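K.L.:
I have a structure here, written as structure tokens, and I will follow up with some questions on it.
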Amino acid sequence: MPRLVSHPDEVRVLSRRFGQGAASIEKYIELDGYNAAQMAIAQGDEMQAWIINTMKASGLRGRGGAGFPTGMKWSFVPKTSPRPKYVLVNGDESEPGTCKDHVLFREDPHAVIEGAMIAGLAVGAKMGFIYLRGEYRYLLNIMEKAVADAYAKGFLGKNIFGSGLDFDVVTQTGAGAYEVGEESALMESLEGKRGIPRIRPPFPAVVGLYGGPTIINNAETIANAPHILLMGGEAYAALGTERNGGTRLFGISGHVERPGVYELSMGYPLRKAIYEVAGGIKGGKQLKAVVPGGASCPVLRADEIDVGLDFDQMAKAGTMLGSGGIVVLDETVSIVEFALRTIKFYQHESCGWCIPCREGTDWIKKTLTRVYEGGGQRKDIDNVQYLAENMMGRTFCPLGDAAAMPTLGFVKKFRKEFEDYIDGKKAGTPVMTTEHDLVGAGH
Amino acid sequence: MSTIANSIFSPELAARFDKLVTVYPVKRSALIPMLLYAQDEVGYISEAVIQEIAKRLDLFDLDVRSVLSYYSMLRTKPAGKYNIQVCTNISCMLRGGYEILDHCKAKLGIGHKQVTPDGKFSLEEVECIGACCWAPAMQVNYDFHDELTPAKVDEILADYSAKAAEKDGK
């Protein structure tokens, strides 16, 4: 069960109801729950423009990892459509190092429902889906109860809050597939198929779920919507940095004293997040590296952590803010081993649809396994880099990039460590013990 | 109520399925939840489960099999009553995930994807389960157990073992 943490530097917007029993609808209402939806409805004919303008003003960018401006995404949905429109909440949180939505679903499920409702009102969708990863069954139970309570109050269903508008919510889980966290694969999965990505364009805002225009957002993104409407777009934007509005849930894990999910302003210094918020490196050891936004983000060396946690500053530093899952590695970690464990994951999770990803992840894994087991040659490092570079941008979905980017980060930034390892001078303490391989759907 | 005669599922689950196929714009959308709930009740996805679900959704058995083979949580062989899933992905690995996995292997005397002879436990090494900030973590069926140590794992296994014995006694 998630242990809640806190730090004085936190700015609590999304997490302000955490730890207060807000999974109960009564408590949620007491803490201004469902006020934002009613506020939107009170705008009358101006409602859709008001919601989208407020979201645009907030500077909120997608919390799943890509960082696309949410208000703009919503504005792409056509006003009229021959097919029904849908809202799809992506709670298939699977990026290694990321567990923020876990806390959100557990502590404030109604914020996700209200957010989906607001998205539905904004674009004229009458139905929302909340899709959680299969491992989150106990969170599905919490969500299902919250949805049932909202129906019982008349907040969902026909004529919500006397607006004359309908909104239904369906919740379900997946059944174990990282790839399904990708928006188009998620739609396939929700349609009862293998989670394989779709080619874009057309984008989901135009042709999405069941062929209808679809808003698809990460659960954290969606849950921000009610808070933004209540506080105003500008006020939310002011909490963050330029073009990076608001706050974000950062999950700090690995070798830190106080791992946990903390809500920090966008742009908060990474160094402070590690050394102050999370209490510094566990056991007083030295920092070696940081994977700053989930496993797919290129690694930062210990001397590269003076950077602010927003999308643009991280991009400038040659990495990504990603899903906000900050994984901290101390001096005992073998980067060769860590790189191998990372690519093993992507090889396991590649759906097999696009050849560069299916074959690339497999060959990188095989090559790094040889290096790890002591039979590596210097040219293996170049081969790994060559494979990774040739995966980039050559797949339907970003899983190929997600596997290539961290690989490139490891071999470029720690090339000397790989070379020394091959020469028999192994850095770090190995911890991996399994001999078998996990075999994924694409292999 | 059920439109399918001779359901292999309990009346409760059959009723749940009858409802589930109506909540989505397209019936097929119910497939993955149905497979999960069927597995929860039957223990695994048997041939009979595949056939009945295909029938309920107007799909070919092959459609069901194709989806089934994609998702790692769905299995076609029985697992133990308590399926231990130990995460060894990066955040757990850094905080002793492999030590926990090895401890489970030694304690249960089984390896990855194996079942104990008494059928009480099975063991799996799994990818990230979304408990990174409370690592190392594992799931027993759907229950999370985190901030694990070998001693804590012993207690957890003893609890489940006692639970299994209790159920057998009834």
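Labeling convention for the structure tokens: chains A, B, ... as they appear, residues from 1 per chain, ligands from 1 in order of appearance.
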Extract, using only C-alpha atoms, all DNA, RNA and protein residues at most 7 Å from Ile343 in chain A, discarding same-chain residues fewer than 2 positions from it, and format them as a compact mmCIF listing (two decimals) with N, CA and C atoms, in the first residue's frame.

P.N.:
```txt
# COMPACT_ATOMS: atom_id res chain seq x y z
N ALA A 339 21.70 -0.96 -17.66
CA ALA A 339 21.30 -0.82 -19.06
C ALA A 339 20.70 -2.12 -19.57
N LEU A 340 21.28 -3.23 -19.18
CA LEU A 340 20.76 -4.53 -19.60
C LEU A 340 19.37 -4.77 -19.01
N ARG A 341 19.20 -4.44 -17.74
CA ARG A 341 17.87 -4.65 -17.11
C ARG A 341 16.82 -3.78 -17.81
N PHE A 345 13.51 -5.14 -20.18
CA PHE A 345 12.11 -4.73 -20.01
C PHE A 345 11.48 -4.38 -21.36
N TYR A 346 12.17 -3.53 -22.13
CA TYR A 346 11.58 -3.11 -23.39
C TYR A 346 11.49 -4.26 -24.39
N GLN A 347 12.46 -5.15 -24.34
CA GLN A 347 12.40 -6.32 -25.22
C GLN A 347 11.19 -7.17 -24.86
N THR A 361 15.22 -4.25 -30.04
CA THR A 361 15.29 -4.51 -28.60
C THR A 361 15.92 -5.87 -28.35
N LYS A 365 19.46 -6.42 -26.45
CA LYS A 365 19.48 -7.27 -25.25
C LYS A 365 20.53 -8.38 -25.39
N ALA A 403 12.87 2.56 -25.93
CA ALA A 403 13.93 1.58 -25.68
C ALA A 403 15.28 2.11 -26.15
```

K.L.:
Counting only C-alpha atoms, which residues of chain B come no farther than 7 Å from chain A, as a PDB file with N, CA and C atoms, in the first residue's frame?

P.N.:
```pdb
ATOM      1  N   ARG B  28     -17.450  -6.585 -28.184  1.00  0.00           N
ATOM      2  CA  ARG B  28     -16.108  -7.157 -28.073  1.00  0.00           C
ATOM      3  C   ARG B  28     -15.252  -6.478 -27.000  1.00  0.00           C
ATOM      4  N   SER B  29     -15.570  -5.210 -26.699  1.00  0.00           N
ATOM      5  CA  SER B  29     -14.802  -4.485 -25.684  1.00  0.00           C
ATOM      6  C   SER B  29     -14.785  -5.199 -24.343  1.00  0.00           C
ATOM      7  N   ALA B  30     -15.771  -6.043 -24.104  1.00  0.00           N
ATOM      8  CA  ALA B  30     -15.841  -6.733 -22.816  1.00  0.00           C
ATOM      9  C   ALA B  30     -14.840  -7.882 -22.721  1.00  0.00           C
ATOM     10  N   LEU B  31     -14.137  -8.168 -23.823  1.00  0.00           N
ATOM     11  CA  LEU B  31     -13.311  -9.379 -23.868  1.00  0.00           C
ATOM     12  C   LEU B  31     -12.249  -9.448 -22.770  1.00  0.00           C
ATOM     13  N   ILE B  32     -11.460  -8.391 -22.621  1.00  0.00           N
ATOM     14  CA  ILE B  32     -10.353  -8.470 -21.665  1.00  0.00           C
ATOM     15  C   ILE B  32     -10.861  -8.554 -20.218  1.00  0.00           C
ATOM     16  N   PRO B  33     -11.818  -7.695 -19.829  1.00  0.00           N
ATOM     17  CA  PRO B  33     -12.375  -7.890 -18.485  1.00  0.00           C
ATOM     18  C   PRO B  33     -12.957  -9.296 -18.295  1.00  0.00           C
ATOM     19  N   VAL B  67      -5.996 -12.625 -28.544  1.00  0.00           N
ATOM     20  CA  VAL B  67      -5.935 -11.598 -27.499  1.00  0.00           C
ATOM     21  C   VAL B  67      -5.298 -12.174 -26.239  1.00  0.00           C
ATOM     22  N   SER B  69      -3.114 -14.441 -25.868  1.00  0.00           N
ATOM     23  CA  SER B  69      -1.665 -14.662 -25.921  1.00  0.00           C
ATOM     24  C   SER B  69      -0.877 -13.363 -25.792  1.00  0.00           C
ATOM     25  N   TYR B  70      -1.570 -12.245 -25.884  1.00  0.00           N
ATOM     26  CA  TYR B  70      -0.876 -10.961 -25.858  1.00  0.00           C
ATOM     27  C   TYR B  70      -0.618 -10.471 -24.434  1.00  0.00           C
ATOM     28  N   TYR B  71      -1.539 -10.754 -23.537  1.00  0.00           N
ATOM     29  CA  TYR B  71      -1.506 -10.117 -22.220  1.00  0.00           C
ATOM     30  C   TYR B  71      -0.847 -11.013 -21.167  1.00  0.00           C
ATOM     31  N   SER B  72       0.157 -10.453 -20.496  1.00  0.00           N
ATOM     32  CA  SER B  72       0.990 -11.287 -19.618  1.00  0.00           C
ATOM     33  C   SER B  72       0.274 -11.780 -18.363  1.00  0.00           C
ATOM     34  N   MET B  73      -0.816 -11.128 -17.977  1.00  0.00           N
ATOM     35  CA  MET B  73      -1.496 -11.586 -16.757  1.00  0.00           C
ATOM     36  C   MET B  73      -2.441 -12.760 -17.026  1.00  0.00           C
ATOM     37  N   LEU B  74      -2.708 -13.030 -18.294  1.00  0.00           N
ATOM     38  CA  LEU B  74      -3.628 -14.122 -18.620  1.00  0.00           C
ATOM     39  C   LEU B  74      -2.826 -15.402 -18.821  1.00  0.00           C
ATOM     40  N   ASN B  89      12.057  -4.999 -11.715  1.00  0.00           N
ATOM     41  CA  ASN B  89      12.373  -3.879 -12.600  1.00  0.00           C
ATOM     42  C   ASN B  89      13.180  -2.821 -11.834  1.00  0.00           C
ATOM     43  N   ILE B  90      13.610  -1.778 -12.545  1.00  0.00           N
ATOM     44  CA  ILE B  90      14.702  -0.934 -12.050  1.00  0.00           C
ATOM     45  C   ILE B  90      14.560  -0.432 -10.607  1.00  0.00           C
ATOM     46  N   SER B  91      13.408   0.132 -10.254  1.00  0.00           N
ATOM     47  CA  SER B  91      13.313   0.697  -8.903  1.00  0.00           C
ATOM     48  C   SER B  91      13.368  -0.397  -7.847  1.00  0.00           C
ATOM     49  N   LEU B  94      16.989  -1.849  -7.563  1.00  0.00           N
ATOM     50  CA  LEU B  94      17.923  -1.023  -6.795  1.00  0.00           C
ATOM     51  C   LEU B  94      17.742  -1.223  -5.294  1.00  0.00           C
ATOM     52  N   ARG B  95      16.570  -1.670  -4.901  1.00  0.00           N
ATOM     53  CA  ARG B  95      16.308  -1.813  -3.462  1.00  0.00           C
ATOM     54  C   ARG B  95      16.127  -3.270  -3.043  1.00  0.00           C
ATOM     55  N   TYR B  98      15.857  -8.505  -6.514  1.00  0.00           N
ATOM     56  CA  TYR B  98      16.399  -9.835  -6.839  1.00  0.00           C
ATOM     57  C   TYR B  98      16.612 -10.672  -5.577  1.00  0.00           C
ATOM     58  N   GLU B 127       7.569  -7.750 -14.479  1.00  0.00           N
ATOM     59  CA  GLU B 127       8.028  -6.389 -14.758  1.00  0.00           C
ATOM     60  C   GLU B 127       7.267  -5.420 -13.856  1.00  0.00           C
ATOM     61  N   CYS B 128       7.684  -4.155 -13.927  1.00  0.00           N
ATOM     62  CA  CYS B 128       7.181  -3.099 -13.040  1.00  0.00           C
ATOM     63  C   CYS B 128       5.676  -3.225 -12.726  1.00  0.00           C
ATOM     64  N   ILE B 129       5.349  -3.218 -11.437  1.00  0.00           N
ATOM     65  CA  ILE B 129       3.949  -3.328 -11.028  1.00  0.00           C
ATOM     66  C   ILE B 129       3.391  -2.006 -10.502  1.00  0.00           C
ATOM     67  N   GLY B 130       4.171  -0.941 -10.619  1.00  0.00           N
ATOM     68  CA  GLY B 130       3.667   0.372 -10.199  1.00  0.00           C
ATOM     69  C   GLY B 130       3.720   0.597  -8.702  1.00  0.00           C
ATOM     70  N   ALA B 131       4.770   0.092  -8.071  1.00  0.00           N
ATOM     71  CA  ALA B 131       4.943   0.329  -6.636  1.00  0.00           C
ATOM     72  C   ALA B 131       6.373   0.808  -6.372  1.00  0.00           C
ATOM     73  N   CYS B 132       6.909   1.559  -7.359  1.00  0.00           N
ATOM     74  CA  CYS B 132       8.325   1.928  -7.379  1.00  0.00           C
ATOM     75  C   CYS B 132       8.796   2.682  -6.141  1.00  0.00           C
ATOM     76  N   CYS B 133       7.921   3.517  -5.599  1.00  0.00           N
ATOM     77  CA  CYS B 133       8.318   4.333  -4.450  1.00  0.00           C
ATOM     78  C   CYS B 133       8.221   3.558  -3.143  1.00  0.00           C
ATOM     79  N   TRP B 134       7.739   2.329  -3.213  1.00  0.00           N
ATOM     80  CA  TRP B 134       7.633   1.501  -2.004  1.00  0.00           C
ATOM     81  C   TRP B 134       8.356   0.181  -2.248  1.00  0.00           C
ATOM     82  N   TYR B 142      -3.895 -10.281  -6.394  1.00  0.00           N
ATOM     83  CA  TYR B 142      -3.987  -8.846  -6.690  1.00  0.00           C
ATOM     84  C   TYR B 142      -3.524  -7.959  -5.529  1.00  0.00           C
ATOM     85  N   PHE B 144      -1.054  -6.019  -3.072  1.00  0.00           N
ATOM     86  CA  PHE B 144       0.316  -5.485  -3.065  1.00  0.00           C
ATOM     87  C   PHE B 144       0.962  -5.695  -1.696  1.00  0.00           C
ATOM     88  N   HIS B 145       2.245  -6.032  -1.727  1.00  0.00           N
ATOM     89  CA  HIS B 145       3.060  -6.056  -0.506  1.00  0.00           C
ATOM     90  C   HIS B 145       4.338  -5.314  -0.842  1.00  0.00           C
ATOM     91  N   ASP B 146       4.670  -4.324  -0.039  1.00  0.00           N
ATOM     92  CA  ASP B 146       5.827  -3.520  -0.427  1.00  0.00           C
ATOM     93  C   ASP B 146       6.770  -3.264   0.738  1.00  0.00           C
TER      94      ASP B 146
END
```

K.L.:
Work out how far CA of Ser75 in chain A is from CA of Asn53 in chain A, in Å to one decimal.

P.N.:
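Atom-to-atom, CA of Asn53 in chain A to CA of Ser75 in chain A, that is 9.0 Å.
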
K.L.:
Enumerate the residues of range 41-143 of chain B with a DSSP assignment of strand (DSSP E), computed from the backbone, and present them as a list of chain:residue names.

P.N.:
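Put together, the selection reads B:Tyr82, B:Asn83, B:Ile84, B:Gln85, B:Val86, B:Cys87, B:Gln114, B:Val115, B:Phe121, B:Ser122, B:Leu123, B:Glu124, B:Glu125, B:Val126, B:Met138, B:Gln139, B:Val140, B:Asp143.
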
K.L.:
Would you mind reading off the distance between CA of Gly21 in chain A and CA of Ile142 in chain A, one decimal, in Å?

P.N.:
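Straight-line distance from CA of Gly21 in chain A to CA of Ile142 in chain A works out to 11.7 Å.
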
K.L.:
Pick the closest to Ser350 in chain A from A:Ala219, A:Ile199, A:Met72, A:Cys397: which is it, counting only C-alpha atoms?

P.N.:
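Result for the nearest residue to Ser350 in chain A: A:Cys397.
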
K.L.:
If we count only C-alpha atoms, what is near range 308-312 of chain A at a cut-off of 10 Å, once residues fewer than 2 positions away on the same chain are taken out, given as JSON, numbers by chain?

P.N.:
{"A": [61, 65, 66, 67, 68, 240, 241, 242, 243, 244, 245, 247, 248, 250, 264, 265, 266, 267, 268, 269, 270, 271, 272, 273, 292, 293, 305, 306, 314, 315, 316, 317, 318, 319, 320, 321, 322, 324]}

K.L.:
So that I have them on file, write out the residues from the current selection with N, CA and C atoms, as a short mmCIF file (atom, residue, chain, number, x, y, z; two decimals), in the first residue's frame.

P.N.:
```
data_model
loop_
_atom_site.label_atom_id
_atom_site.label_comp_id
_atom_site.auth_asym_id
_atom_site.auth_seq_id
_atom_site.Cartn_x
_atom_site.Cartn_y
_atom_site.Cartn_z
N ARG A 61 0.41 20.56 -19.36
CA ARG A 61 0.91 19.68 -20.41
C ARG A 61 0.81 18.24 -19.96
N GLY A 65 3.81 11.75 -20.27
CA GLY A 65 5.21 11.74 -20.66
C GLY A 65 5.52 12.61 -21.85
N ALA A 66 4.57 12.73 -22.77
CA ALA A 66 4.86 13.47 -24.00
C ALA A 66 4.79 14.99 -23.78
N GLY A 67 4.03 15.42 -22.79
CA GLY A 67 4.00 16.84 -22.46
C GLY A 67 3.27 17.71 -23.46
N PHE A 68 2.29 17.13 -24.16
CA PHE A 68 1.52 17.92 -25.12
C PHE A 68 0.53 18.83 -24.38
N GLY A 240 3.96 27.19 -12.03
CA GLY A 240 5.07 26.52 -12.72
C GLY A 240 6.01 27.50 -13.38
N THR A 241 6.61 27.06 -14.48
CA THR A 241 7.53 27.92 -15.22
C THR A 241 6.88 28.24 -16.56
N GLU A 242 7.58 29.04 -17.35
CA GLU A 242 7.05 29.44 -18.64
C GLU A 242 6.72 28.21 -19.49
N ARG A 243 5.57 28.19 -20.08
CA ARG A 243 5.11 27.08 -20.94
C ARG A 243 5.00 25.74 -20.22
N ASN A 244 5.17 25.74 -18.91
CA ASN A 244 5.05 24.52 -18.12
C ASN A 244 4.23 24.84 -16.88
N GLY A 245 2.93 24.91 -17.06
CA GLY A 245 2.08 25.37 -15.98
C GLY A 245 1.98 24.39 -14.84
N THR A 247 1.83 22.23 -11.24
CA THR A 247 2.63 21.35 -10.40
C THR A 247 2.56 19.96 -11.02
N ARG A 248 3.30 19.06 -10.42
CA ARG A 248 3.29 17.71 -10.96
C ARG A 248 3.60 16.71 -9.85
N PHE A 250 5.72 13.91 -8.65
CA PHE A 250 7.00 13.28 -8.95
C PHE A 250 7.17 12.07 -8.04
N LEU A 264 5.42 18.68 -6.66
CA LEU A 264 6.33 19.83 -6.71
C LEU A 264 5.95 20.72 -7.88
N SER A 265 6.33 21.99 -7.78
CA SER A 265 6.09 22.92 -8.88
C SER A 265 6.89 22.48 -10.09
N MET A 266 6.33 22.71 -11.27
CA MET A 266 7.09 22.47 -12.49
C MET A 266 8.32 23.38 -12.44
N GLY A 267 9.45 22.84 -12.82
CA GLY A 267 10.68 23.62 -12.80
C GLY A 267 11.47 23.49 -11.50
N TYR A 268 10.95 22.75 -10.54
CA TYR A 268 11.65 22.56 -9.27
C TYR A 268 13.02 21.94 -9.55
N PRO A 269 14.06 22.41 -8.85
CA PRO A 269 15.40 21.88 -9.15
C PRO A 269 15.53 20.38 -8.85
N LEU A 270 16.05 19.64 -9.82
CA LEU A 270 16.21 18.19 -9.65
C LEU A 270 17.12 17.87 -8.47
N ARG A 271 18.20 18.66 -8.34
CA ARG A 271 19.14 18.41 -7.24
C ARG A 271 18.43 18.48 -5.88
N LYS A 272 17.60 19.53 -5.71
CA LYS A 272 16.87 19.68 -4.44
C LYS A 272 15.86 18.55 -4.25
N ALA A 273 15.24 18.13 -5.37
CA ALA A 273 14.25 17.06 -5.26
C ALA A 273 14.92 15.80 -4.69
N PRO A 292 15.62 10.38 -15.06
CA PRO A 292 14.78 11.43 -14.49
C PRO A 292 13.28 11.34 -14.72
N GLY A 293 12.81 10.52 -15.65
CA GLY A 293 11.36 10.58 -15.91
C GLY A 293 10.77 9.25 -16.33
N ILE A 305 22.87 17.19 -12.80
CA ILE A 305 21.54 17.28 -12.17
C ILE A 305 21.13 18.69 -11.79
N ASP A 306 21.91 19.70 -12.18
CA ASP A 306 21.48 21.07 -11.90
C ASP A 306 20.57 21.55 -13.00
N MET A 314 14.41 19.99 -19.24
CA MET A 314 14.91 18.61 -19.34
C MET A 314 15.31 18.30 -20.78
N ALA A 315 14.53 18.81 -21.73
CA ALA A 315 14.87 18.58 -23.13
C ALA A 315 16.21 19.24 -23.46
N LYS A 316 16.41 20.43 -22.91
CA LYS A 316 17.67 21.16 -23.12
C LYS A 316 18.85 20.37 -22.55
N ALA A 317 18.58 19.67 -21.45
CA ALA A 317 19.64 18.88 -20.82
C ALA A 317 19.85 17.54 -21.53
N GLY A 318 19.12 17.34 -22.63
CA GLY A 318 19.33 16.12 -23.41
C GLY A 318 18.55 14.92 -22.92
N THR A 319 17.57 15.17 -22.05
CA THR A 319 16.76 14.06 -21.58
C THR A 319 15.30 14.48 -21.60
N MET A 320 14.46 13.84 -20.81
CA MET A 320 13.03 14.14 -20.83
C MET A 320 12.48 14.16 -19.42
N LEU A 321 11.39 14.92 -19.27
CA LEU A 321 10.69 14.91 -17.98
C LEU A 321 9.84 13.65 -17.87
N GLY A 322 9.43 13.13 -19.01
CA GLY A 322 8.72 11.85 -19.06
C GLY A 322 7.53 11.78 -18.13
N GLY A 324 7.65 11.66 -14.90
CA GLY A 324 7.91 12.20 -13.57
C GLY A 324 8.41 11.18 -12.57
#
```

K.L.:
Compile the contact shell of Val123 in chain A as a compact mmCIF listing (two decimals) with C-alpha atoms, in the first residue's frame: residues with an atom at most 8 Å away, counting only C-alpha atoms, same-chain residues fewer than 3 positions apart removed.

P.N.:
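As a result, around.txt now contains:
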```txt
# COMPACT_ATOMS: atom_id res chain seq x y z
CA GLN A 48 -17.14 24.62 -23.98
CA TRP A 74 -8.99 19.21 -26.42
CA SER A 75 -9.49 21.99 -28.97
CA VAL A 77 -11.79 17.61 -31.31
CA PRO A 78 -14.20 18.61 -34.09
CA LYS A 79 -17.36 20.42 -32.97
CA LYS A 85 -17.15 11.33 -29.13
CA ALA A 119 -13.31 16.81 -20.62
CA GLY A 120 -16.60 15.35 -21.84
```

K.L.:
With only C-alpha atoms as the counted atoms, please give the residues lying no more than 12 Å from range 7-16 of chain B, apart from itself and same-chain residues fewer than 2 positions off, as number ranges by chain.

P.N.:
B: 1-5, 18-23, 30, 33-43, 45-53, 55-56

K.L.:
Give me, as a list in words, all polymer residues having an atom no more than 8 Å from Ile25 in chain A, counting only C-alpha atoms and skipping those fewer than 2 positions away in the same chain.

P.N.:
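In the requested form, the answer reads Ala22, Ala23, Lys27, Tyr28, Ile29, His110, Ala146, Asp149 and Ala150 of chain A.
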
K.L.:
If you keep N, CA and C atoms, can you produce a file of those selected residues as a PDB file, in the first residue's frame?

P.N.:
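The file below, part-v6.pdb, is the result:
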```pdb
ATOM      1  N   ALA A  22     -10.783  11.080   0.736  1.00  0.00           N
ATOM      2  CA  ALA A  22     -11.603  11.647  -0.333  1.00  0.00           C
ATOM      3  C   ALA A  22     -12.166  10.594  -1.283  1.00  0.00           C
ATOM      4  N   ALA A  23     -11.780   9.326  -1.083  1.00  0.00           N
ATOM      5  CA  ALA A  23     -12.402   8.267  -1.891  1.00  0.00           C
ATOM      6  C   ALA A  23     -13.886   8.171  -1.543  1.00  0.00           C
ATOM      7  N   LYS A  27     -16.870  13.034   1.527  1.00  0.00           N
ATOM      8  CA  LYS A  27     -15.656  13.781   1.857  1.00  0.00           C
ATOM      9  C   LYS A  27     -15.209  14.607   0.645  1.00  0.00           C
ATOM     10  N   TYR A  28     -15.329  13.982  -0.523  1.00  0.00           N
ATOM     11  CA  TYR A  28     -14.902  14.675  -1.747  1.00  0.00           C
ATOM     12  C   TYR A  28     -15.751  15.936  -1.949  1.00  0.00           C
ATOM     13  N   ILE A  29     -17.047  15.814  -1.722  1.00  0.00           N
ATOM     14  CA  ILE A  29     -17.940  16.971  -1.890  1.00  0.00           C
ATOM     15  C   ILE A  29     -17.589  18.056  -0.870  1.00  0.00           C
ATOM     16  N   HIS A 110     -12.446  10.399  -7.204  1.00  0.00           N
ATOM     17  CA  HIS A 110     -13.487  11.265  -7.785  1.00  0.00           C
ATOM     18  C   HIS A 110     -12.898  12.386  -8.628  1.00  0.00           C
ATOM     19  N   ALA A 146     -16.426   4.500  -6.479  1.00  0.00           N
ATOM     20  CA  ALA A 146     -16.565   5.946  -6.663  1.00  0.00           C
ATOM     21  C   ALA A 146     -17.556   6.244  -7.795  1.00  0.00           C
ATOM     22  N   ASP A 149     -21.063   5.518  -6.602  1.00  0.00           N
ATOM     23  CA  ASP A 149     -21.522   6.582  -5.690  1.00  0.00           C
ATOM     24  C   ASP A 149     -21.926   7.828  -6.470  1.00  0.00           C
ATOM     25  N   ALA A 150     -21.144   8.141  -7.522  1.00  0.00           N
ATOM     26  CA  ALA A 150     -21.455   9.325  -8.325  1.00  0.00           C
ATOM     27  C   ALA A 150     -22.783   9.138  -9.069  1.00  0.00           C
TER      28      ALA A 150
END
```

K.L.:
Taking the backbone alone, and naming residues the way the document does, which bits of range 92-149 of chain B are alpha helix (DSSP H) by DSSP, as JSON, numbers by chain?

P.N.:
{"B": [92, 93, 94, 97, 98, 99, 100, 101, 102, 103, 104, 105, 106, 107, 108]}

K.L.:
Selected residues, C-alpha atoms, written as a PDB file, in the first residue's frame, please.

P.N.:
```
ATOM      1  CA  CYS B  92      12.786  -2.640  -7.185  1.00  0.00           C
ATOM      2  CA  MET B  93      16.133  -3.954  -8.441  1.00  0.00           C
ATOM      3  CA  LEU B  94      17.923  -1.023  -6.795  1.00  0.00           C
ATOM      4  CA  GLY B  97      14.120  -7.003  -5.737  1.00  0.00           C
ATOM      5  CA  TYR B  98      16.399  -9.835  -6.839  1.00  0.00           C
ATOM      6  CA  GLU B  99      17.164 -10.697  -3.230  1.00  0.00           C
ATOM      7  CA  ILE B 100      13.425 -10.955  -2.593  1.00  0.00           C
ATOM      8  CA  LEU B 101      12.927 -13.112  -5.685  1.00  0.00           C
ATOM      9  CA  ASP B 102      15.763 -15.439  -4.679  1.00  0.00           C
ATOM     10  CA  HIS B 103      14.411 -15.620  -1.164  1.00  0.00           C
ATOM     11  CA  CYS B 104      10.988 -16.657  -2.492  1.00  0.00           C
ATOM     12  CA  LYS B 105      12.588 -19.258  -4.752  1.00  0.00           C
ATOM     13  CA  ALA B 106      14.528 -20.782  -1.852  1.00  0.00           C
ATOM     14  CA  LYS B 107      11.631 -20.594   0.558  1.00  0.00           C
ATOM     15  CA  LEU B 108       9.094 -22.136  -1.833  1.00  0.00           C
TER      16      LEU B 108
END
```
